[in-house]
Structure formats: C-alpha cells, structure tokens
Amino acid sequence: MLYDAYKRPLLDLRISVTDRCNFRCIYCMPETEGQQYCFMKREHLMTFEEIVRLANIFARLGVRKIRLTGGEPLLRKDIDVLISMLKEIEGIQDISLTTNGFLLKQYARRLKEAGMKRVNVSLDALNNDIFAVMNGRGVKSDVILEGINEALVQGLAVKINMVVKKGMNDSEILPMARFFKEKGVTLRFIEFMDVGSLNGWKLDEVVTSKEIYEMITKEMPLEPLEANYVGEVAKRYRYVGTNIEVGFISSVSAAFCSDCTRCRISAEGKLYTCLFSTDGADLLKNMRNGATDEEIIAQIRRIWETRHDRYSEERGKNTTLKGKRIEMSYIGG
Ligand SMILES: Nc1nc2c(ncn2[C@@H]2O[C@H](COP(=O)(O)OP(=O)(O)OP(=O)(O)O)[C@@H](O)[C@H]2O)c(=O)[nH]1
Ligand SMILES: C[S@@+](CC[C@H](N)C(=O)[O-])C[C@H]1O[C@@H](n2cnc3c(N)ncnc32)[C@H](O)[C@@H]1O
Ligand code: SF4
Ligand code: SF4
C-alpha cells in the first residue's frame with residue numbers, strides 16, 4: 001500500500017469520465033449570463049482502454065474502490081462497456097457510479113448487466129419547482145424518481161445525495177427524509193461546499209449536518225452506526241427500530257480529511273490528490289508519450305508519498321482557496 005505524508009493510504013480512485021453535464025446545478029455548474037462552459041475536446045478524453053490501464057496501475061498500488069463520476073457519467077457513450085472492463089481488474093472490490101439520475105431509467109439495466117451493484121443518485125428536492133430551479137434545467141424530480149425506481153427494480157443498491165443550500169431547499173429536508181425512509185432507501189445530506197469558482201459559496205448558505213440531524217431526529221429519532229469502511233465520507237445513522245439509514249457529509253462543519261484515502265483523475269487524465277487541488281499531474285500525456293506502467297507507478301508514488309492535502313480541515317470559516325480553482329464537474333465530484 002502507498003501512504004501519504006500523513007500516513008493515509010491510497011484506497012479509492014474517483015474517475016471522471018466526462019466534464020459535460022445535462023444539468024446546471026446552482027451549486028456546481030450554474031448557468032450564469034455570459035458564462036460559457038468550455039468543455040474538453042473528444043480527443044483529449046481518456047479512452048476506455050486508457051482508463052482501464054490507469055485503473056490497473058492504481059489497483060497495483062493498493063486501490064480497492066473505483067467510482068465513476070463527472071460531469072454526468074451517464075453521458076459517456078457505452079459507459080456499461082467501461083464498467084464491464086473495470087470489473088475484470090484484480091484487486092478492485094467495489095465499482096460504483098454517482099449520477100444525477102436523468103438517464104438512469106434508460107441505463108439501469110445496462111449498468112446492472114455490466115456488473116455494477118450500486119449507484120449513488122443526486123436529488124436535491126421532491127418539490128418539482130424547487131428541484132427545477134436547483135438543477136438549472138427545469139427538470140422535475142419525477143424524472144429522477146423514475147430512474148431511482150428502475151435502478152431498484154434492476155436490483156441495484158441506491159443511495160441518494162442531497163446538497164442542502166439555505167433558503168433554497170432546506171424546506172425539503174423533512175419531506176425527503178420521510179419519503180426515503182418510507183421507501184427504505186439511504187439518504188445522505190451534503191453540506192454545500194466552496195468547491196470551484198462559480199457557485200458563489202457563502203458560509204451562511206450552509207445548513208450544517210447538526211442542524212439537519214436535529215430537525216430529523218425530533219420527528220424520527222436517529223441512532224449512530226459504525227462506518228462501513230475507514231475513510232467513509234458520510235457519518236451513518238439509522239432510524240431507531242429500523243435498518244433504514246441516513247448519512248451526513250459534513251465537509252464544512254466536520255471535515256474528514258484526516259482519513260481521506262481518495263484521489264481523482266479528470267476526464268483528460270490528470271491526477272488530483274484533493275477535491276480542492278489547483279493542479280493535476282498529467283498522467284495521460286505521459287502515457288500517450290510512451291511511458292511504461294513502471295514509470296507511471298513511480299510518478300504516482302512520488303505524488304502520493306508527498307501529499308499534504310487537508311483543505312477542508314484548514315478552511316475554517318472562510319473559503320481559503322487561492323489562485324486557480326477547479327470546478328467539481330471537471331475534477332470529478
Ligand atoms: N470534501 C470532500 N468531499 C467529498 C469527498 N469525496 C466525496 N465528497 C462529497 O461527498 C459527496 C458524495 O460522494 P459520492 O460520490 O456519493 O461518494 P461516496 O459518498 O464517497 O461513496 P460511498 O460511500 O462509496 O457510497 C460528493 O458529492 C462530495 O460532495 C472528498 O474527498 N472531499
Ligand atoms: C459533481 S457531481 C458528479 C456526478 C453527477 N453529475 C451527480 O450530480 O451526481 C457529484 C456530487 O457532487 C455534489 N456536489 C456538486 N457541487 C457541490 C457543492 N458545491 N457542494 C457539495 N456537493 C456538491 C453533487 O450533488 C453530486 O452528489
Ligand atoms: S452536480 Fe452533477 S448534475 Fe449537477 S451540474 Fe454538477 S455534475 Fe451536473
Ligand atoms: S478536502 Fe481534500 S483532503 Fe480533505 S477530504 Fe476532501 S479531498 Fe480529501
């Protein structure tokens with residue numbers, strides 16, 4: 001296993017398969033006047049073969065979990081083919097995907113047939129008007145719920161991610177909790193983070209996990225659970241008397257950098273050791289220039305062994321990112 005400067009092992013690889021998205025979520029890729037997103041050119045994207053080669057290399061270095069993300073990963077043509085290729089890699093115990101769910105109804109069966117066991121689906125509100133504003137494309141929550149239902153029918157385990165932004169969807173916390181409790185599906189509340197440069201993040205728009213926890217437990221008492229694995233991002237709870245879970249992802253109020261075992265590869269093959277990194281190492285360029293696996297392993301080893309990232313712990317009350325900020329849709333959320 002490979003350890004960084006704070007003795008954190010490299011265990012999880014988050015691969016962005018595209019920087020494009022069919023949504024314009026207000027906290028991620030907001031549609032702003034005069035703002036044109038400049039997406040990667042097709043020839044700059046990693047091919048499936050390149051992704052698999054890198055995943056193999058990371059597995060040799062100790063990675064056990066792979067998550068496909070983006071942008072919107074279901075926009076990448078034949079993503080199920082990539083999943084079936086990744087499944088063959090020795091040492092990889094878990095392959096999953098984080099999606100906005102818009103295309104999930106159409107893709108759930110293909111994902112399952114490719115060997116995927118679970119997906120995380122983002123949904124910020126049940127109320128159609130609130131959700132339509134939050135996704136920036138006027139999409140109704142019914143569409144995502146149909147995708148979630150199809151995933152469940154196909155036998156995929158599903159977790160829901162809800163980013164909470166004060167004054168926007170905090171009124172949806174209890175309706176979402178009640179709905180997914182009834183459905184027996186895990187819901188995770190995510191604190192609005194200061195990632196990227198476009199979402200206009202302000203601390204007073206963050207609803208903390210503690211506030212959300214108190215709101216829920218008053219009506220539906222919660223009790224804590226052990227983490228599923230070291231470095232789990234969400235703190236888990238269950239509704240007392242049931243096995244139905246909720247989770248809290250508290251990157252702002254209770255940072256979890258101290259056991260962060262994650263690295264990210266952007267769709268154009270750059271390696272980032274933190275969601276808040278400002279620069280990435282161009283693995284794809286080196287691969288395309290003929291680097292051997294051993295050379296790439298040496299490069300990753302050097303980068304991970306000198307890793308000092310702990311942005312969320314250092315952030316404090318204010319966003320402290322200086323210089324260039326990388327958007328979540330680019331780096332792979
Ligand atoms: N600050 C920070 N936030 C993260 C990190 N990893 C994930 N998150 C946040 O957690 C959210 C949920 O992540 P998911 O993509 O669902 O993955 P996950 O929770 O790690 O997945 P599992 O626990 O394996 O289901 C992301 O959208 C981010 O908002 C991280 O390394 N740092
Ligand atoms: C960047 S998206 C990529 C995958 C897919 N498009 C989706 O939305 O699930 C991954 C996750 O990041 C979360 N996210 C994006 N911007 C965020 C922010 N500013 N704060 C917290 N979470 C954010 C999204 O809600 C989503 O769950
Ligand atoms: S959060 Fe996901 S769905 Fe929303 S804009 Fe970002 S990448 Fe797209
Ligand atoms: S802020 Fe960086 S170091 Fe901290 S948990 Fe997130 S990705 Fe890991």
# chains A, B, ... in the order shown; residues from 1 in each chain; ligands from 1
>>> closest_atom_pairs(of="chain A", to="ligand 4", cutoff="7 Å", atoms="only C-alpha atoms and all ligand atoms", output="Markdown table")
| residue | atom | partner | partner_atom_place_in_ligand_line | distance |
| --- | --- | --- | --- | --- |
| A:Ala255 | CA | ligand 4 | 5 (S) | 6.7 |
| A:Phe256 | CA | ligand 4 | 5 (S) | 5.1 |
| A:Cys257 | CA | ligand 4 | 4 (Fe) | 3.6 |
| A:Cys260 | CA | ligand 4 | 8 (Fe) | 4.5 |
| A:Arg262 | CA | ligand 4 | 8 (Fe) | 6.3 |
| A:Thr273 | CA | ligand 4 | 7 (S) | 6.7 |
| A:Cys274 | CA | ligand 4 | 7 (S) | 3.8 |
| A:Leu275 | CA | ligand 4 | 7 (S) | 4.3 |
| A:Phe276 | CA | ligand 4 | 2 (Fe) | 5.8 |
| A:Asp309 | CA | ligand 4 | 3 (S) | 4.7 |
| A:Arg310 | CA | ligand 4 | 3 (S) | 4.0 |
| A:Tyr311 | CA | ligand 4 | 1 (S) | 4.5 |
| A:Ser312 | CA | ligand 4 | 1 (S) | 4.3 |
| A:Glu313 | CA | ligand 4 | 4 (Fe) | 6.6 |
>>> residues_near_ligand(ligand="ligand 1", cutoff="6 Å", atoms="only C-alpha atoms and all ligand atoms", output="ChimeraX atom specification")
/A:98,120,232-234,249,251,262,275,333
>>> residues_around(residues="segment 130-143 of chain A", least_positions_apart="6", cutoff="9 Å", atoms="only C-alpha atoms", output="ChimeraX atom specification")
/A:22-27,29-31,101-103,105,123-124,168-169,172
>>> residues_around(residues="Gly155 of chain A", least_positions_apart="6", cutoff="9 Å", atoms="only C-alpha atoms", output="list in words")
Arg109, Lys112, Lys117 and Arg118 of chain A
>>> residues_near_ligand(ligand="ligand 2", cutoff="9 Å", atoms="only C-alpha atoms and all ligand atoms", output="JSON, numbers by chain")
{"A": [16, 19, 20, 21, 22, 23, 25, 26, 27, 28, 29, 68, 69, 70, 71, 72, 73, 74, 97, 98, 99, 100, 101, 120, 121, 122, 123, 124, 160, 161, 162, 163, 164, 165, 190, 191, 192, 193, 194, 195, 196, 199, 201, 249, 251, 327, 328, 329, 330, 331, 332, 333]}
>>> select_by_dssp(residues="segment 46-128 of chain A", states="strand (DSSP E or B)", output="PDB file with C-alpha atoms, in the first residue's frame")
ATOM      1  CA  LYS A  65     -12.650   1.109  -4.811  1.00  0.00           C
ATOM      2  CA  ILE A  66     -13.459   2.826  -8.066  1.00  0.00           C
ATOM      3  CA  ARG A  67     -16.148   5.437  -8.509  1.00  0.00           C
ATOM      4  CA  LEU A  68     -17.154   6.762 -11.910  1.00  0.00           C
ATOM      5  CA  THR A  69     -18.253  10.353 -11.849  1.00  0.00           C
ATOM      6  CA  GLY A  70     -18.053  13.588 -13.802  1.00  0.00           C
ATOM      7  CA  ASP A  94     -16.216  -2.105  -5.484  1.00  0.00           C
ATOM      8  CA  ILE A  95     -17.183  -0.224  -8.640  1.00  0.00           C
ATOM      9  CA  SER A  96     -19.917   2.345  -8.433  1.00  0.00           C
ATOM     10  CA  LEU A  97     -21.136   5.492 -10.049  1.00  0.00           C
ATOM     11  CA  THR A  98     -22.540   8.857  -8.971  1.00  0.00           C
ATOM     12  CA  THR A  99     -25.213  10.225 -11.287  1.00  0.00           C
ATOM     13  CA  ARG A 118     -24.834   0.029  -6.588  1.00  0.00           C
ATOM     14  CA  VAL A 119     -25.269   3.660  -7.623  1.00  0.00           C
ATOM     15  CA  ASN A 120     -25.455   6.985  -5.806  1.00  0.00           C
ATOM     16  CA  VAL A 121     -28.104   9.304  -7.203  1.00  0.00           C
ATOM     17  CA  SER A 122     -28.199  13.036  -6.590  1.00  0.00           C
TER      18      SER A 122
END
>>> select_by_dssp(residues="segment 36-250 of chain A", states="alpha helix (DSSP H)", output="PyMOL selection string")
chain A and resi 48-60+79-86+104-113+128-135+141-153+173-183+209-219
>>> closest_residue(among="A:Leu198, A:Leu54, A:Met1, A:Ile212", to="ligand 3", atoms="only C-alpha atoms and all ligand atoms")
A:Leu198
>>> decode(residues="segment 107-128 of chain A", atoms="N, CA and C atoms", output="PDB file, in the first residue's frame")
ATOM      1  N   TYR A 107     -30.665   3.583 -18.394  1.00  0.00           N
ATOM      2  CA  TYR A 107     -29.378   2.882 -18.252  1.00  0.00           C
ATOM      3  C   TYR A 107     -29.315   1.817 -17.161  1.00  0.00           C
ATOM      4  N   ALA A 108     -30.295   1.832 -16.228  1.00  0.00           N
ATOM      5  CA  ALA A 108     -30.161   0.979 -15.037  1.00  0.00           C
ATOM      6  C   ALA A 108     -29.890  -0.484 -15.403  1.00  0.00           C
ATOM      7  N   ARG A 109     -30.628  -0.980 -16.344  1.00  0.00           N
ATOM      8  CA  ARG A 109     -30.483  -2.389 -16.699  1.00  0.00           C
ATOM      9  C   ARG A 109     -29.080  -2.680 -17.257  1.00  0.00           C
ATOM     10  N   ARG A 110     -28.621  -1.776 -18.125  1.00  0.00           N
ATOM     11  CA  ARG A 110     -27.277  -1.976 -18.707  1.00  0.00           C
ATOM     12  C   ARG A 110     -26.201  -1.926 -17.628  1.00  0.00           C
ATOM     13  N   LEU A 111     -26.378  -1.049 -16.650  1.00  0.00           N
ATOM     14  CA  LEU A 111     -25.383  -0.952 -15.567  1.00  0.00           C
ATOM     15  C   LEU A 111     -25.347  -2.258 -14.775  1.00  0.00           C
ATOM     16  N   LYS A 112     -26.536  -2.754 -14.479  1.00  0.00           N
ATOM     17  CA  LYS A 112     -26.617  -3.991 -13.702  1.00  0.00           C
ATOM     18  C   LYS A 112     -26.004  -5.158 -14.498  1.00  0.00           C
ATOM     19  N   GLU A 113     -26.351  -5.215 -15.769  1.00  0.00           N
ATOM     20  CA  GLU A 113     -25.835  -6.325 -16.592  1.00  0.00           C
ATOM     21  C   GLU A 113     -24.313  -6.256 -16.753  1.00  0.00           C
ATOM     22  N   ALA A 114     -23.776  -5.034 -16.654  1.00  0.00           N
ATOM     23  CA  ALA A 114     -22.319  -4.879 -16.770  1.00  0.00           C
ATOM     24  C   ALA A 114     -21.619  -5.292 -15.481  1.00  0.00           C
ATOM     25  N   GLY A 115     -22.402  -5.514 -14.410  1.00  0.00           N
ATOM     26  CA  GLY A 115     -21.787  -5.998 -13.169  1.00  0.00           C
ATOM     27  C   GLY A 115     -21.767  -4.984 -12.050  1.00  0.00           C
ATOM     28  N   MET A 116     -22.401  -3.842 -12.270  1.00  0.00           N
ATOM     29  CA  MET A 116     -22.426  -2.836 -11.197  1.00  0.00           C
ATOM     30  C   MET A 116     -23.448  -3.272 -10.141  1.00  0.00           C
ATOM     31  N   LYS A 117     -23.113  -3.015  -8.864  1.00  0.00           N
ATOM     32  CA  LYS A 117     -24.019  -3.459  -7.795  1.00  0.00           C
ATOM     33  C   LYS A 117     -24.765  -2.292  -7.163  1.00  0.00           C
ATOM     34  N   ARG A 118     -24.187  -1.090  -7.284  1.00  0.00           N
ATOM     35  CA  ARG A 118     -24.834   0.029  -6.588  1.00  0.00           C
ATOM     36  C   ARG A 118     -24.560   1.347  -7.302  1.00  0.00           C
ATOM     37  N   VAL A 119     -25.452   2.314  -7.068  1.00  0.00           N
ATOM     38  CA  VAL A 119     -25.269   3.660  -7.623  1.00  0.00           C
ATOM     39  C   VAL A 119     -25.658   4.696  -6.568  1.00  0.00           C
ATOM     40  N   ASN A 120     -25.039   5.857  -6.626  1.00  0.00           N
ATOM     41  CA  ASN A 120     -25.455   6.985  -5.806  1.00  0.00           C
ATOM     42  C   ASN A 120     -26.132   8.001  -6.728  1.00  0.00           C
ATOM     43  N   VAL A 121     -27.322   8.415  -6.330  1.00  0.00           N
ATOM     44  CA  VAL A 121     -28.104   9.304  -7.203  1.00  0.00           C
ATOM     45  C   VAL A 121     -28.317  10.642  -6.492  1.00  0.00           C
ATOM     46  N   SER A 122     -28.025  11.713  -7.188  1.00  0.00           N
ATOM     47  CA  SER A 122     -28.199  13.036  -6.590  1.00  0.00           C
ATOM     48  C   SER A 122     -29.630  13.511  -6.810  1.00  0.00           C
ATOM     49  N   LEU A 123     -30.255  13.961  -5.738  1.00  0.00           N
ATOM     50  CA  LEU A 123     -31.613  14.522  -5.836  1.00  0.00           C
ATOM     51  C   LEU A 123     -31.756  15.515  -4.695  1.00  0.00           C
ATOM     52  N   ASP A 124     -32.011  16.776  -5.036  1.00  0.00           N
ATOM     53  CA  ASP A 124     -31.980  17.824  -4.013  1.00  0.00           C
ATOM     54  C   ASP A 124     -33.349  18.212  -3.471  1.00  0.00           C
ATOM     55  N   ALA A 125     -34.406  17.761  -4.116  1.00  0.00           N
ATOM     56  CA  ALA A 125     -35.757  18.112  -3.640  1.00  0.00           C
ATOM     57  C   ALA A 125     -36.785  17.205  -4.299  1.00  0.00           C
ATOM     58  N   LEU A 126     -37.896  17.017  -3.586  1.00  0.00           N
ATOM     59  CA  LEU A 126     -39.035  16.316  -4.197  1.00  0.00           C
ATOM     60  C   LEU A 126     -39.938  17.329  -4.883  1.00  0.00           C
ATOM     61  N   ASN A 127     -40.016  18.508  -4.273  1.00  0.00           N
ATOM     62  CA  ASN A 127     -40.846  19.565  -4.841  1.00  0.00           C
ATOM     63  C   ASN A 127     -40.319  19.926  -6.241  1.00  0.00           C
ATOM     64  N   ASN A 128     -41.212  19.771  -7.225  1.00  0.00           N
ATOM     65  CA  ASN A 128     -40.772  19.962  -8.615  1.00  0.00           C
ATOM     66  C   ASN A 128     -40.254  21.367  -8.901  1.00  0.00           C
TER      67      ASN A 128
END
